[in-house]
$ cat structure-v6.pdb   # PDB, C-alpha atoms and all ligand atoms
ATOM      1  CA  MET A   1      17.587  18.334 -45.124
ATOM      2  CA  THR A   2      14.127  17.522 -46.375
ATOM      3  CA  PRO A   3      12.434  20.708 -47.553
ATOM      4  CA  GLN A   4       9.355  21.768 -45.652
ATOM      5  CA  PRO A   5       6.069  20.857 -47.325
ATOM      6  CA  LEU A   6       4.474  23.729 -49.211
ATOM      7  CA  ILE A   7       1.025  24.585 -47.858
ATOM      8  CA  GLY A   8      -1.369  26.819 -49.809
ATOM      9  CA  ILE A   9      -3.662  29.143 -47.870
ATOM     10  CA  THR A  10      -6.876  30.637 -49.260
ATOM     11  CA  GLY A  11      -7.822  34.278 -48.776
ATOM     12  CA  ARG A  12     -10.388  36.930 -49.580
ATOM     13  CA  ARG A  13     -10.677  39.441 -52.398
ATOM     14  CA  LYS A  14     -11.228  43.021 -51.283
ATOM     15  CA  ARG A  15     -10.876  46.471 -52.884
ATOM     16  CA  GLY A  16      -8.366  49.203 -52.182
ATOM     17  CA  ASP A  17     -11.023  51.394 -50.546
ATOM     18  CA  GLN A  18     -11.621  48.670 -47.953
ATOM     19  CA  LEU A  19      -8.076  49.177 -46.608
ATOM     20  CA  VAL A  20      -8.062  51.842 -43.904
ATOM     21  CA  GLY A  21      -5.586  54.592 -44.779
ATOM     22  CA  ASN A  22      -5.095  53.478 -48.383
ATOM     23  CA  LEU A  23      -4.601  56.071 -51.131
ATOM     24  CA  ASN A  24      -7.843  57.185 -52.759
ATOM     25  CA  ILE A  25      -6.429  56.654 -56.239
ATOM     26  CA  LEU A  26      -6.082  52.941 -55.404
ATOM     27  CA  ALA A  27      -9.724  52.604 -54.333
ATOM     28  CA  ASP A  28     -10.714  50.353 -57.226
ATOM     29  CA  PHE A  29      -7.645  48.108 -57.163
ATOM     30  CA  PRO A  30      -8.176  44.479 -56.151
ATOM     31  CA  VAL A  31      -6.497  43.462 -52.895
ATOM     32  CA  ASP A  32      -6.177  39.868 -51.703
ATOM     33  CA  VAL A  33      -6.237  39.488 -47.929
ATOM     34  CA  TYR A  34      -4.832  36.597 -45.881
ATOM     35  CA  TYR A  35      -5.032  36.465 -42.087
ATOM     36  CA  ALA A  36      -1.500  35.742 -40.917
ATOM     37  CA  ASP A  37      -2.347  33.336 -38.100
ATOM     38  CA  TYR A  38      -3.113  30.460 -40.468
ATOM     39  CA  GLY A  39       0.349  30.734 -42.003
ATOM     40  CA  GLN A  40       1.856  31.083 -38.537
ATOM     41  CA  GLY A  41       0.176  27.817 -37.531
ATOM     42  CA  VAL A  42       1.591  26.116 -40.648
ATOM     43  CA  LEU A  43       5.070  27.484 -39.905
ATOM     44  CA  GLU A  44       4.998  26.384 -36.281
ATOM     45  CA  ALA A  45       4.014  22.875 -37.373
ATOM     46  CA  GLY A  46       6.994  22.708 -39.764
ATOM     47  CA  GLY A  47       5.403  23.672 -43.079
ATOM     48  CA  LEU A  48       6.109  26.500 -45.508
ATOM     49  CA  PRO A  49       2.950  28.594 -46.095
ATOM     50  CA  VAL A  50       2.163  30.273 -49.425
ATOM     51  CA  HIS A  51      -0.902  32.241 -50.454
ATOM     52  CA  ILE A  52      -3.198  30.972 -53.182
ATOM     53  CA  PRO A  53      -3.968  34.012 -55.365
ATOM     54  CA  PHE A  54      -7.434  34.381 -56.848
ATOM     55  CA  ASP A  55      -5.950  34.894 -60.295
ATOM     56  CA  VAL A  56      -4.326  31.493 -60.628
ATOM     57  CA  ASP A  57      -6.140  28.437 -61.893
ATOM     58  CA  PRO A  58      -6.157  25.971 -58.978
ATOM     59  CA  ALA A  59      -5.772  23.132 -61.490
ATOM     60  CA  GLU A  60      -2.339  24.603 -62.324
ATOM     61  CA  LEU A  61      -1.239  25.458 -58.791
ATOM     62  CA  ILE A  62      -2.547  22.683 -56.538
ATOM     63  CA  PRO A  63      -0.373  19.914 -58.083
ATOM     64  CA  ARG A  64       2.689  22.008 -57.064
ATOM     65  CA  LEU A  65       1.550  22.213 -53.430
ATOM     66  CA  ASP A  66       1.763  19.549 -50.719
ATOM     67  CA  GLY A  67      -1.266  20.646 -48.725
ATOM     68  CA  VAL A  68      -4.018  23.260 -48.441
ATOM     69  CA  VAL A  69      -5.660  25.227 -45.614
ATOM     70  CA  LEU A  70      -9.181  26.473 -46.380
ATOM     71  CA  THR A  71      -9.653  29.449 -44.083
ATOM     72  CA  GLY A  72     -12.491  31.311 -42.386
ATOM     73  CA  GLY A  73     -14.496  34.199 -43.766
ATOM     74  CA  ALA A  74     -17.853  35.302 -45.107
ATOM     75  CA  ASP A  75     -20.933  33.168 -45.643
ATOM     76  CA  ILE A  76     -21.093  30.888 -48.654
ATOM     77  CA  ASP A  77     -23.706  32.047 -51.171
ATOM     78  CA  PRO A  78     -26.787  29.963 -50.213
ATOM     79  CA  ARG A  79     -27.669  29.637 -53.898
ATOM     80  CA  ARG A  80     -24.724  27.207 -54.050
ATOM     81  CA  TYR A  81     -26.849  24.819 -52.020
ATOM     82  CA  GLY A  82     -30.209  25.685 -53.515
ATOM     83  CA  GLN A  83     -31.488  28.189 -50.950
ATOM     84  CA  GLU A  84     -32.254  31.891 -50.784
ATOM     85  CA  SER A  85     -30.284  33.957 -48.288
ATOM     86  CA  LEU A  86     -31.989  34.322 -44.899
ATOM     87  CA  THR A  87     -29.315  36.563 -43.360
ATOM     88  CA  ASN A  88     -27.225  39.524 -44.433
ATOM     89  CA  ALA A  89     -24.743  39.302 -41.567
ATOM     90  CA  PHE A  90     -21.758  38.315 -43.723
ATOM     91  CA  PRO A  91     -22.623  38.931 -47.388
ATOM     92  CA  PRO A  92     -21.474  36.182 -49.763
ATOM     93  CA  GLU A  93     -18.325  36.505 -51.861
ATOM     94  CA  PRO A  94     -19.200  34.398 -54.933
ATOM     95  CA  LEU A  95     -15.732  34.698 -56.473
ATOM     96  CA  ARG A  96     -14.262  33.092 -53.380
ATOM     97  CA  ASP A  97     -16.893  30.324 -53.348
ATOM     98  CA  GLN A  98     -16.103  29.484 -56.953
ATOM     99  CA  HIS A  99     -12.339  29.635 -56.428
ATOM    100  CA  GLU A 100     -12.347  27.452 -53.321
ATOM    101  CA  CYS A 101     -14.558  24.859 -55.019
ATOM    102  CA  ALA A 102     -11.972  24.750 -57.817
ATOM    103  CA  VAL A 103      -9.234  24.391 -55.172
ATOM    104  CA  LEU A 104     -11.125  21.419 -53.730
ATOM    105  CA  ASP A 105     -11.690  19.879 -57.182
ATOM    106  CA  ALA A 106      -7.941  20.040 -57.831
ATOM    107  CA  ALA A 107      -6.985  18.848 -54.339
ATOM    108  CA  TYR A 108      -9.288  15.835 -54.613
ATOM    109  CA  ALA A 109      -7.993  15.019 -58.098
ATOM    110  CA  ASN A 110      -4.414  15.116 -56.819
ATOM    111  CA  GLY A 111      -4.930  13.516 -53.403
ATOM    112  CA  THR A 112      -3.630  16.727 -51.805
ATOM    113  CA  PRO A 113      -4.202  16.886 -48.033
ATOM    114  CA  VAL A 114      -6.736  19.548 -46.993
ATOM    115  CA  ALA A 115      -7.504  21.087 -43.610
ATOM    116  CA  GLY A 116     -10.612  23.281 -43.430
ATOM    117  CA  ILE A 117     -11.234  25.789 -40.657
ATOM    118  CA  CYS A 118     -14.639  27.400 -39.950
ATOM    119  CA  ARG A 119     -15.891  28.561 -43.362
ATOM    120  CA  GLY A 120     -13.351  26.007 -44.662
ATOM    121  CA  LEU A 121     -15.450  23.235 -43.123
ATOM    122  CA  GLN A 122     -18.586  24.748 -44.626
ATOM    123  CA  ILE A 123     -17.150  24.966 -48.148
ATOM    124  CA  VAL A 124     -15.983  21.332 -47.921
ATOM    125  CA  ASN A 125     -19.570  20.405 -47.076
ATOM    126  CA  VAL A 126     -21.254  22.580 -49.724
ATOM    127  CA  HIS A 127     -18.742  21.489 -52.376
ATOM    128  CA  ALA A 128     -19.800  17.902 -51.627
ATOM    129  CA  GLY A 129     -23.499  18.710 -52.084
ATOM    130  CA  GLY A 130     -24.299  19.455 -48.447
ATOM    131  CA  THR A 131     -26.315  22.330 -46.994
ATOM    132  CA  LEU A 132     -25.975  24.740 -44.064
ATOM    133  CA  TYR A 133     -28.175  26.119 -41.322
ATOM    134  CA  GLN A 134     -27.909  29.801 -42.203
ATOM    135  CA  ASP A 135     -28.025  31.352 -38.734
ATOM    136  CA  VAL A 136     -27.152  29.667 -35.434
ATOM    137  CA  PRO A 137     -26.601  32.539 -32.965
ATOM    138  CA  SER A 138     -25.587  30.264 -30.076
ATOM    139  CA  HIS A 139     -22.249  29.569 -31.857
ATOM    140  CA  ALA A 140     -21.572  33.186 -32.857
ATOM    141  CA  GLY A 141     -19.135  34.253 -30.144
ATOM    142  CA  PHE A 142     -18.363  37.571 -31.805
ATOM    143  CA  ASP A 143     -18.623  39.732 -28.688
ATOM    144  CA  GLU A 144     -15.971  38.022 -26.565
ATOM    145  CA  PRO A 145     -12.212  37.610 -27.115
ATOM    146  CA  VAL A 146     -11.561  35.217 -29.993
ATOM    147  CA  ALA A 147      -9.875  32.575 -27.830
ATOM    148  CA  THR A 148     -12.883  32.302 -25.484
ATOM    149  CA  GLU A 149     -13.804  28.635 -25.184
ATOM    150  CA  TRP A 150     -17.550  28.527 -25.725
ATOM    151  CA  HIS A 151     -18.389  24.871 -25.769
ATOM    152  CA  GLN A 152     -17.175  21.313 -25.551
ATOM    153  CA  VAL A 153     -16.569  19.159 -28.645
ATOM    154  CA  ALA A 154     -16.710  15.354 -28.563
ATOM    155  CA  PHE A 155     -14.845  13.315 -31.193
ATOM    156  CA  ASP A 156     -15.765   9.894 -32.535
ATOM    157  CA  SER A 157     -13.159   7.242 -31.908
ATOM    158  CA  ASP A 158     -11.582   5.414 -34.863
ATOM    159  CA  THR A 159     -11.644   8.594 -36.959
ATOM    160  CA  ILE A 160      -8.901  11.012 -37.980
ATOM    161  CA  LEU A 161     -10.146  13.799 -35.694
ATOM    162  CA  GLY A 162     -10.660  11.379 -32.816
ATOM    163  CA  GLY A 163      -7.158  10.035 -33.404
ATOM    164  CA  ILE A 164      -5.475  13.444 -33.272
ATOM    165  CA  TYR A 165      -7.656  15.256 -30.695
ATOM    166  CA  GLY A 166      -8.670  12.379 -28.428
ATOM    167  CA  HIS A 167     -12.033  12.098 -26.707
ATOM    168  CA  GLY A 168     -12.951  15.758 -26.448
ATOM    169  CA  ARG A 169     -11.853  19.317 -25.870
ATOM    170  CA  SER A 170     -13.306  22.765 -25.368
ATOM    171  CA  VAL A 171     -13.102  25.219 -28.263
ATOM    172  CA  ASN A 172     -13.761  28.771 -29.355
ATOM    173  CA  SER A 173     -16.741  29.437 -31.618
ATOM    174  CA  LEU A 174     -16.785  32.248 -34.197
ATOM    175  CA  HIS A 175     -19.344  30.955 -36.661
ATOM    176  CA  HIS A 176     -23.037  31.633 -37.106
ATOM    177  CA  GLN A 177     -23.692  28.863 -39.624
ATOM    178  CA  THR A 178     -23.421  25.087 -39.174
ATOM    179  CA  VAL A 179     -23.767  21.957 -41.288
ATOM    180  CA  ASP A 180     -27.313  20.770 -41.967
ATOM    181  CA  LYS A 181     -27.304  18.070 -44.658
ATOM    182  CA  VAL A 182     -23.899  16.366 -44.796
ATOM    183  CA  GLY A 183     -22.258  16.213 -48.236
ATOM    184  CA  ASP A 184     -21.423  13.060 -50.184
ATOM    185  CA  LYS A 185     -18.535  10.931 -48.893
ATOM    186  CA  LEU A 186     -18.164  13.097 -45.806
ATOM    187  CA  GLN A 187     -18.465  11.855 -42.256
ATOM    188  CA  VAL A 188     -19.341  13.889 -39.153
ATOM    189  CA  THR A 189     -16.639  13.016 -36.613
ATOM    190  CA  ALA A 190     -17.018  15.816 -34.047
ATOM    191  CA  ARG A 191     -20.047  17.475 -32.450
ATOM    192  CA  SER A 192     -20.551  20.187 -29.863
ATOM    193  CA  ASP A 193     -22.624  19.547 -26.762
ATOM    194  CA  ASP A 194     -25.778  20.854 -28.510
ATOM    195  CA  GLY A 195     -25.305  18.344 -31.338
ATOM    196  CA  SER A 196     -23.959  20.801 -33.942
ATOM    197  CA  VAL A 197     -21.404  19.536 -36.435
ATOM    198  CA  GLU A 198     -17.926  20.706 -35.370
ATOM    199  CA  GLY A 199     -15.787  18.320 -37.437
ATOM    200  CA  LEU A 200     -15.955  16.603 -40.822
ATOM    201  CA  GLU A 201     -13.645  14.270 -42.653
ATOM    202  CA  HIS A 202     -13.668  12.584 -46.041
ATOM    203  CA  GLU A 203     -14.298   8.864 -46.248
ATOM    204  CA  ASN A 204     -11.247   8.090 -48.352
ATOM    205  CA  LEU A 205      -9.243  11.258 -49.047
ATOM    206  CA  PRO A 206      -6.911  13.149 -46.662
ATOM    207  CA  VAL A 207      -9.437  15.883 -45.905
ATOM    208  CA  ILE A 208     -10.399  17.064 -42.424
ATOM    209  CA  ALA A 209     -12.243  20.168 -41.271
ATOM    210  CA  VAL A 210     -13.159  21.790 -37.970
ATOM    211  CA  GLN A 211     -15.713  24.477 -37.188
ATOM    212  CA  TRP A 212     -13.681  26.258 -34.502
ATOM    213  CA  HIS A 213     -10.478  28.308 -34.924
ATOM    214  CA  PRO A 214      -7.342  26.459 -33.707
ATOM    215  CA  GLU A 215      -5.157  29.175 -35.255
ATOM    216  CA  MET A 216      -6.585  31.725 -32.780
ATOM    217  CA  LEU A 217      -6.058  29.631 -29.648
ATOM    218  CA  PRO A 218      -2.973  29.873 -27.408
ATOM    219  CA  SER A 219      -2.454  26.149 -28.141
ATOM    220  CA  ARG A 220      -1.875  26.878 -31.853
ATOM    221  CA  ALA A 221       1.786  25.810 -31.956
ATOM    222  CA  ASP A 222       0.847  22.386 -30.601
ATOM    223  CA  ASP A 223      -2.456  22.055 -32.407
ATOM    224  CA  PRO A 224      -3.043  18.583 -33.852
ATOM    225  CA  LEU A 225      -4.811  19.887 -36.979
ATOM    226  CA  PHE A 226      -1.722  21.707 -38.230
ATOM    227  CA  ALA A 227       0.504  18.795 -37.179
ATOM    228  CA  TRP A 228      -1.727  16.349 -39.082
ATOM    229  CA  LEU A 229      -1.652  18.510 -42.226
ATOM    230  CA  ILE A 230       2.138  18.835 -42.212
ATOM    231  CA  ALA A 231       2.602  15.106 -41.532
ATOM    232  CA  GLU A 232       0.258  14.186 -44.403
ATOM    233  CA  ALA A 233       1.847  16.758 -46.709
ATOM    234  CA  SER A 234       5.343  15.488 -45.855
ATOM    235  CA  THR A 235       4.515  12.043 -47.182
ATOM    236  CA  ARG A 236       3.610  13.502 -50.576
ATOM    237  CA  HIS A 237       6.426  15.772 -51.604
TER     238      HIS A 237
HETATM  239 MN    MN B   1     -19.146  26.159 -32.450
END
$ encode --input "structure-v6.pdb" --output "structure tokens" --more "lines below"
Ligand SMILES: [Mn+2]
Amino acid sequence: MTPQPLIGITGRRKRGDQLVGNLNILADFPVDVYYADYGQGVLEAGGLPVHIPFDVDPAELIPRLDGVVLTGGADIDPRRYGQESLTNAFPPEPLRDQHECAVLDAAYANGTPVAGICRGLQIVNVHAGGTLYQDVPSHAGFDEPVATEWHQVAFDSDTILGGIYGHGRSVNSLHHQTVDKVGDKLQVTARSDDGSVEGLEHENLPVIAVQWHPEMLPSRADDPLFAWLIAEASTRH
């Protein structure tokens, strides 16, 4: 039996006092947090998910993995793209920004397949020299159930996202930032009905990213993004 491809998943660094019910004496201890639904999506698509700890050098770890999921989370520090912060809604986590950029450096150097989701799309763009619109309330569906489908997305044909998703679909929307300037060697291949960037892919590396959350939708087990990642990863291990 061919072993399942090993898929690294990025997380967030928190502190012990941010865990409800944790012991007070552990308040200052670092805690790395990983939402389980990304790993569940990888598992359902036939991959083996592993967490990427903040304390490992991605240059050491990424060559041992077959694929990477860059997950959702807080805003990227706007200073990474030459701007001052205009919003305090989701304060930046600079350690994570730095770590995920190193993950991308290593993934690109190794030709490792990457799937970005939400903030994952945004870090792919900023890593490539792109910028973000810092607050786009019409995409911030934070007051409705997470699987609520807020808008339609149209995919360009003859692209990876168009190939796996088809002409269009309706999606959830849990982001308040969107791509402004597109980064080097990236192509916009999906847009929502208001013209916002909802999908990016790399011109010549196996890197795709979407702005919505397929891992939160009831269609997760059949989602083409996870299937694409596992298929790409399977050819490399
Ligand atoms: Mn959206």
$ closest_residue --input "structure-v6.pdb" --among "A:His51, A:His99, A:Lys185, A:Arg169" --to "ligand MN 1 (chain B)" --atoms "only C-alpha atoms and all ligand atoms"
A:Arg169
$ residues_around --input "structure-v6.pdb" --residues "Cys101 (chain A)" --least-positions-apart "5" --cutoff "9 Å" --atoms "only C-alpha atoms" --output "compact mmCIF listing (two decimals) with C-alpha atoms, in the coordinates of the input"
# COMPACT_ATOMS: atom_id res chain seq x y z
CA ARG A 96 -14.26 33.09 -53.38
CA ALA A 106 -7.94 20.04 -57.83
CA ILE A 123 -17.15 24.97 -48.15
CA VAL A 124 -15.98 21.33 -47.92
CA VAL A 126 -21.25 22.58 -49.72
CA HIS A 127 -18.74 21.49 -52.38
$ residues_near_point --input "structure-v6.pdb" --point "(-0.2, 31.1, -45.8)" --cutoff "7 Å" --atoms "only C-alpha atoms" --output "VMD selection string"
chain A and resid 7 to 9 36 38 to 39 49 to 51
$ closest_residue --input "structure-v6.pdb" --among "A:Val188, A:Val182, A:Val197, A:Met216" --to "Ala147 (chain A)" --atoms "all atoms listed in the file"
A:Met216
$ atom_distance --input "structure-v6.pdb" --atom1 "CA of Asp55 (chain A)" --atom2 "CA of Pro91 (chain A)"
21.5 Å
$ atom_distance --input "structure-v6.pdb" --atom1 "CA of Pro137 (chain A)" --atom2 "CA of Val171 (chain A)"
16.1 Å
$ residues_around --input "structure-v6.pdb" --residues "Gly116 (chain A)" --least-positions-apart "4" --cutoff "12 Å" --atoms "only C-alpha atoms" --output "PyMOL selection string"
chain A and resi 8-10+38+67-73+100+103-104+120-125+198-202+206-215+225-226+229
$ write_last_selection --input "structure-v6.pdb" --atoms "C-alpha atoms" --output "PDB file, in the frame of the given file"
ATOM      1  CA  GLY A   8      -1.369  26.819 -49.809  1.00  0.00           C
ATOM      2  CA  ILE A   9      -3.662  29.143 -47.870  1.00  0.00           C
ATOM      3  CA  THR A  10      -6.876  30.637 -49.260  1.00  0.00           C
ATOM      4  CA  TYR A  38      -3.113  30.460 -40.468  1.00  0.00           C
ATOM      5  CA  GLY A  67      -1.266  20.646 -48.725  1.00  0.00           C
ATOM      6  CA  VAL A  68      -4.018  23.260 -48.441  1.00  0.00           C
ATOM      7  CA  VAL A  69      -5.660  25.227 -45.614  1.00  0.00           C
ATOM      8  CA  LEU A  70      -9.181  26.473 -46.380  1.00  0.00           C
ATOM      9  CA  THR A  71      -9.653  29.449 -44.083  1.00  0.00           C
ATOM     10  CA  GLY A  72     -12.491  31.311 -42.386  1.00  0.00           C
ATOM     11  CA  GLY A  73     -14.496  34.199 -43.766  1.00  0.00           C
ATOM     12  CA  GLU A 100     -12.347  27.452 -53.321  1.00  0.00           C
ATOM     13  CA  VAL A 103      -9.234  24.391 -55.172  1.00  0.00           C
ATOM     14  CA  LEU A 104     -11.125  21.419 -53.730  1.00  0.00           C
ATOM     15  CA  GLY A 120     -13.351  26.007 -44.662  1.00  0.00           C
ATOM     16  CA  LEU A 121     -15.450  23.235 -43.123  1.00  0.00           C
ATOM     17  CA  GLN A 122     -18.586  24.748 -44.626  1.00  0.00           C
ATOM     18  CA  ILE A 123     -17.150  24.966 -48.148  1.00  0.00           C
ATOM     19  CA  VAL A 124     -15.983  21.332 -47.921  1.00  0.00           C
ATOM     20  CA  ASN A 125     -19.570  20.405 -47.076  1.00  0.00           C
ATOM     21  CA  GLU A 198     -17.926  20.706 -35.370  1.00  0.00           C
ATOM     22  CA  GLY A 199     -15.787  18.320 -37.437  1.00  0.00           C
ATOM     23  CA  LEU A 200     -15.955  16.603 -40.822  1.00  0.00           C
ATOM     24  CA  GLU A 201     -13.645  14.270 -42.653  1.00  0.00           C
ATOM     25  CA  HIS A 202     -13.668  12.584 -46.041  1.00  0.00           C
ATOM     26  CA  PRO A 206      -6.911  13.149 -46.662  1.00  0.00           C
ATOM     27  CA  VAL A 207      -9.437  15.883 -45.905  1.00  0.00           C
ATOM     28  CA  ILE A 208     -10.399  17.064 -42.424  1.00  0.00           C
ATOM     29  CA  ALA A 209     -12.243  20.168 -41.271  1.00  0.00           C
ATOM     30  CA  VAL A 210     -13.159  21.790 -37.970  1.00  0.00           C
ATOM     31  CA  GLN A 211     -15.713  24.477 -37.188  1.00  0.00           C
ATOM     32  CA  TRP A 212     -13.681  26.258 -34.502  1.00  0.00           C
ATOM     33  CA  HIS A 213     -10.478  28.308 -34.924  1.00  0.00           C
ATOM     34  CA  PRO A 214      -7.342  26.459 -33.707  1.00  0.00           C
ATOM     35  CA  GLU A 215      -5.157  29.175 -35.255  1.00  0.00           C
ATOM     36  CA  LEU A 225      -4.811  19.887 -36.979  1.00  0.00           C
ATOM     37  CA  PHE A 226      -1.722  21.707 -38.230  1.00  0.00           C
ATOM     38  CA  LEU A 229      -1.652  18.510 -42.226  1.00  0.00           C
TER      39      LEU A 229
END
$ resolve_selection --input "structure-v6.pdb" --expression "the PyMOL selection byres (((chain A and resi 4) around 9) and not hetatm)" --output "list in words"
Met1, Thr2, Pro3, Pro5, Leu6, Gly46, Gly47, Leu48, Ile230, Ser234 and His237 of chain A
$ resolve_selection --input "structure-v6.pdb" --expression "the PyMOL selection byres (((not hetatm)) within 7 of (chain B and resi 1))" --output "list in words"
His139, His151, Asn172, Ser173, Leu174, His175, Ser192, Glu198, Gln211 and Trp212 of chain A
$ atom_distance --input "structure-v6.pdb" --atom1 "CA of Val153 (chain A)" --atom2 "CA of Ala227 (chain A)"
19.1 Å
$ closest_residue --input "structure-v6.pdb" --among "A:Asp17, A:Asp184, A:Asp223, A:Asp75" --to "Cys118 (chain A)" --atoms "all atoms listed in the file"
A:Asp75
$ closest_residue --input "structure-v6.pdb" --among "A:Gly168, A:Glu232, A:Ile160, A:Ile117" --to "Asp37 (chain A)" --atoms "all atoms listed in the file"
A:Ile117
$ closest_residue --input "structure-v6.pdb" --among "A:Gln177, A:Gly129, A:Glu149, A:Val33" --to "Leu19 (chain A)" --atoms "all atoms listed in the file"
A:Val33
$ resolve_selection --input "structure-v6.pdb" --expression "the PyMOL selection byres (((chain A and resi 15) around 10) and not hetatm)" --output "ChimeraX atom specification"
/A:13-14,16-19,26-33
$ closest_residue --input "structure-v6.pdb" --among "A:Gln98, A:Gln187, A:Thr178, A:Gln134" --to "Asp57 (chain A)" --atoms "all atoms listed in the file"
A:Gln98
$ decode --input "structure-v6.pdb" --residues "region 26-49 of chain A" --atoms "N, CA and C atoms" --output "PDB file, in the first residue's frame"
ATOM      1  N   LEU A  26       0.125  27.939  34.460  1.00  0.00           N
ATOM      2  CA  LEU A  26       0.571  27.728  33.080  1.00  0.00           C
ATOM      3  C   LEU A  26       0.278  28.944  32.193  1.00  0.00           C
ATOM      4  N   ALA A  27      -0.073  30.065  32.834  1.00  0.00           N
ATOM      5  CA  ALA A  27      -0.521  31.239  32.077  1.00  0.00           C
ATOM      6  C   ALA A  27       0.499  31.714  31.052  1.00  0.00           C
ATOM      7  N   ASP A  28       1.770  31.628  31.380  1.00  0.00           N
ATOM      8  CA  ASP A  28       2.797  32.177  30.487  1.00  0.00           C
ATOM      9  C   ASP A  28       3.339  31.162  29.485  1.00  0.00           C
ATOM     10  N   PHE A  29       2.853  29.916  29.552  1.00  0.00           N
ATOM     11  CA  PHE A  29       3.403  28.895  28.663  1.00  0.00           C
ATOM     12  C   PHE A  29       2.885  29.076  27.236  1.00  0.00           C
ATOM     13  N   PRO A  30       3.761  28.910  26.252  1.00  0.00           N
ATOM     14  CA  PRO A  30       3.293  28.983  24.861  1.00  0.00           C
ATOM     15  C   PRO A  30       2.423  27.776  24.519  1.00  0.00           C
ATOM     16  N   VAL A  31       1.372  28.054  23.752  1.00  0.00           N
ATOM     17  CA  VAL A  31       0.452  27.000  23.295  1.00  0.00           C
ATOM     18  C   VAL A  31       0.266  27.193  21.799  1.00  0.00           C
ATOM     19  N   ASP A  32       0.456  26.134  21.018  1.00  0.00           N
ATOM     20  CA  ASP A  32       0.191  26.234  19.581  1.00  0.00           C
ATOM     21  C   ASP A  32      -1.177  25.639  19.303  1.00  0.00           C
ATOM     22  N   VAL A  33      -1.964  26.344  18.519  1.00  0.00           N
ATOM     23  CA  VAL A  33      -3.373  26.010  18.303  1.00  0.00           C
ATOM     24  C   VAL A  33      -3.610  25.709  16.824  1.00  0.00           C
ATOM     25  N   TYR A  34      -4.311  24.608  16.565  1.00  0.00           N
ATOM     26  CA  TYR A  34      -4.594  24.185  15.188  1.00  0.00           C
ATOM     27  C   TYR A  34      -6.069  23.803  15.100  1.00  0.00           C
ATOM     28  N   TYR A  35      -6.847  24.521  14.317  1.00  0.00           N
ATOM     29  CA  TYR A  35      -8.245  24.124  14.129  1.00  0.00           C
ATOM     30  C   TYR A  35      -8.276  22.757  13.446  1.00  0.00           C
ATOM     31  N   ALA A  36      -9.101  21.868  13.997  1.00  0.00           N
ATOM     32  CA  ALA A  36      -9.067  20.469  13.561  1.00  0.00           C
ATOM     33  C   ALA A  36      -9.659  20.256  12.174  1.00  0.00           C
ATOM     34  N   ASP A  37     -10.532  21.174  11.724  1.00  0.00           N
ATOM     35  CA  ASP A  37     -11.238  20.878  10.468  1.00  0.00           C
ATOM     36  C   ASP A  37     -10.324  20.876   9.240  1.00  0.00           C
ATOM     37  N   TYR A  38      -9.201  21.576   9.309  1.00  0.00           N
ATOM     38  CA  TYR A  38      -8.267  21.495   8.174  1.00  0.00           C
ATOM     39  C   TYR A  38      -7.684  20.076   8.069  1.00  0.00           C
ATOM     40  N   GLY A  39      -7.252  19.547   9.195  1.00  0.00           N
ATOM     41  CA  GLY A  39      -6.717  18.187   9.207  1.00  0.00           C
ATOM     42  C   GLY A  39      -7.770  17.153   8.836  1.00  0.00           C
ATOM     43  N   GLN A  40      -9.020  17.413   9.257  1.00  0.00           N
ATOM     44  CA  GLN A  40     -10.103  16.502   8.888  1.00  0.00           C
ATOM     45  C   GLN A  40     -10.315  16.511   7.374  1.00  0.00           C
ATOM     46  N   GLY A  41     -10.219  17.681   6.764  1.00  0.00           N
ATOM     47  CA  GLY A  41     -10.339  17.768   5.304  1.00  0.00           C
ATOM     48  C   GLY A  41      -9.217  17.005   4.609  1.00  0.00           C
ATOM     49  N   VAL A  42      -7.995  17.127   5.136  1.00  0.00           N
ATOM     50  CA  VAL A  42      -6.848  16.389   4.575  1.00  0.00           C
ATOM     51  C   VAL A  42      -7.072  14.889   4.708  1.00  0.00           C
ATOM     52  N   LEU A  43      -7.516  14.456   5.889  1.00  0.00           N
ATOM     53  CA  LEU A  43      -7.773  13.030   6.118  1.00  0.00           C
ATOM     54  C   LEU A  43      -8.833  12.483   5.165  1.00  0.00           C
ATOM     55  N   GLU A  44      -9.918  13.218   5.038  1.00  0.00           N
ATOM     56  CA  GLU A  44     -11.017  12.753   4.182  1.00  0.00           C
ATOM     57  C   GLU A  44     -10.596  12.656   2.720  1.00  0.00           C
ATOM     58  N   ALA A  45      -9.609  13.478   2.334  1.00  0.00           N
ATOM     59  CA  ALA A  45      -9.134  13.438   0.947  1.00  0.00           C
ATOM     60  C   ALA A  45      -8.049  12.383   0.753  1.00  0.00           C
ATOM     61  N   GLY A  46      -7.647  11.701   1.836  1.00  0.00           N
ATOM     62  CA  GLY A  46      -6.665  10.618   1.704  1.00  0.00           C
ATOM     63  C   GLY A  46      -5.256  10.976   2.115  1.00  0.00           C
ATOM     64  N   GLY A  47      -5.076  12.114   2.771  1.00  0.00           N
ATOM     65  CA  GLY A  47      -3.750  12.511   3.244  1.00  0.00           C
ATOM     66  C   GLY A  47      -3.600  12.253   4.730  1.00  0.00           C
ATOM     67  N   LEU A  48      -2.364  12.416   5.212  1.00  0.00           N
ATOM     68  CA  LEU A  48      -2.065  12.259   6.634  1.00  0.00           C
ATOM     69  C   LEU A  48      -1.625  13.629   7.147  1.00  0.00           C
ATOM     70  N   PRO A  49      -2.468  14.302   7.975  1.00  0.00           N
ATOM     71  CA  PRO A  49      -2.130  15.649   8.427  1.00  0.00           C
ATOM     72  C   PRO A  49      -1.163  15.650   9.604  1.00  0.00           C
TER      73      PRO A  49
END
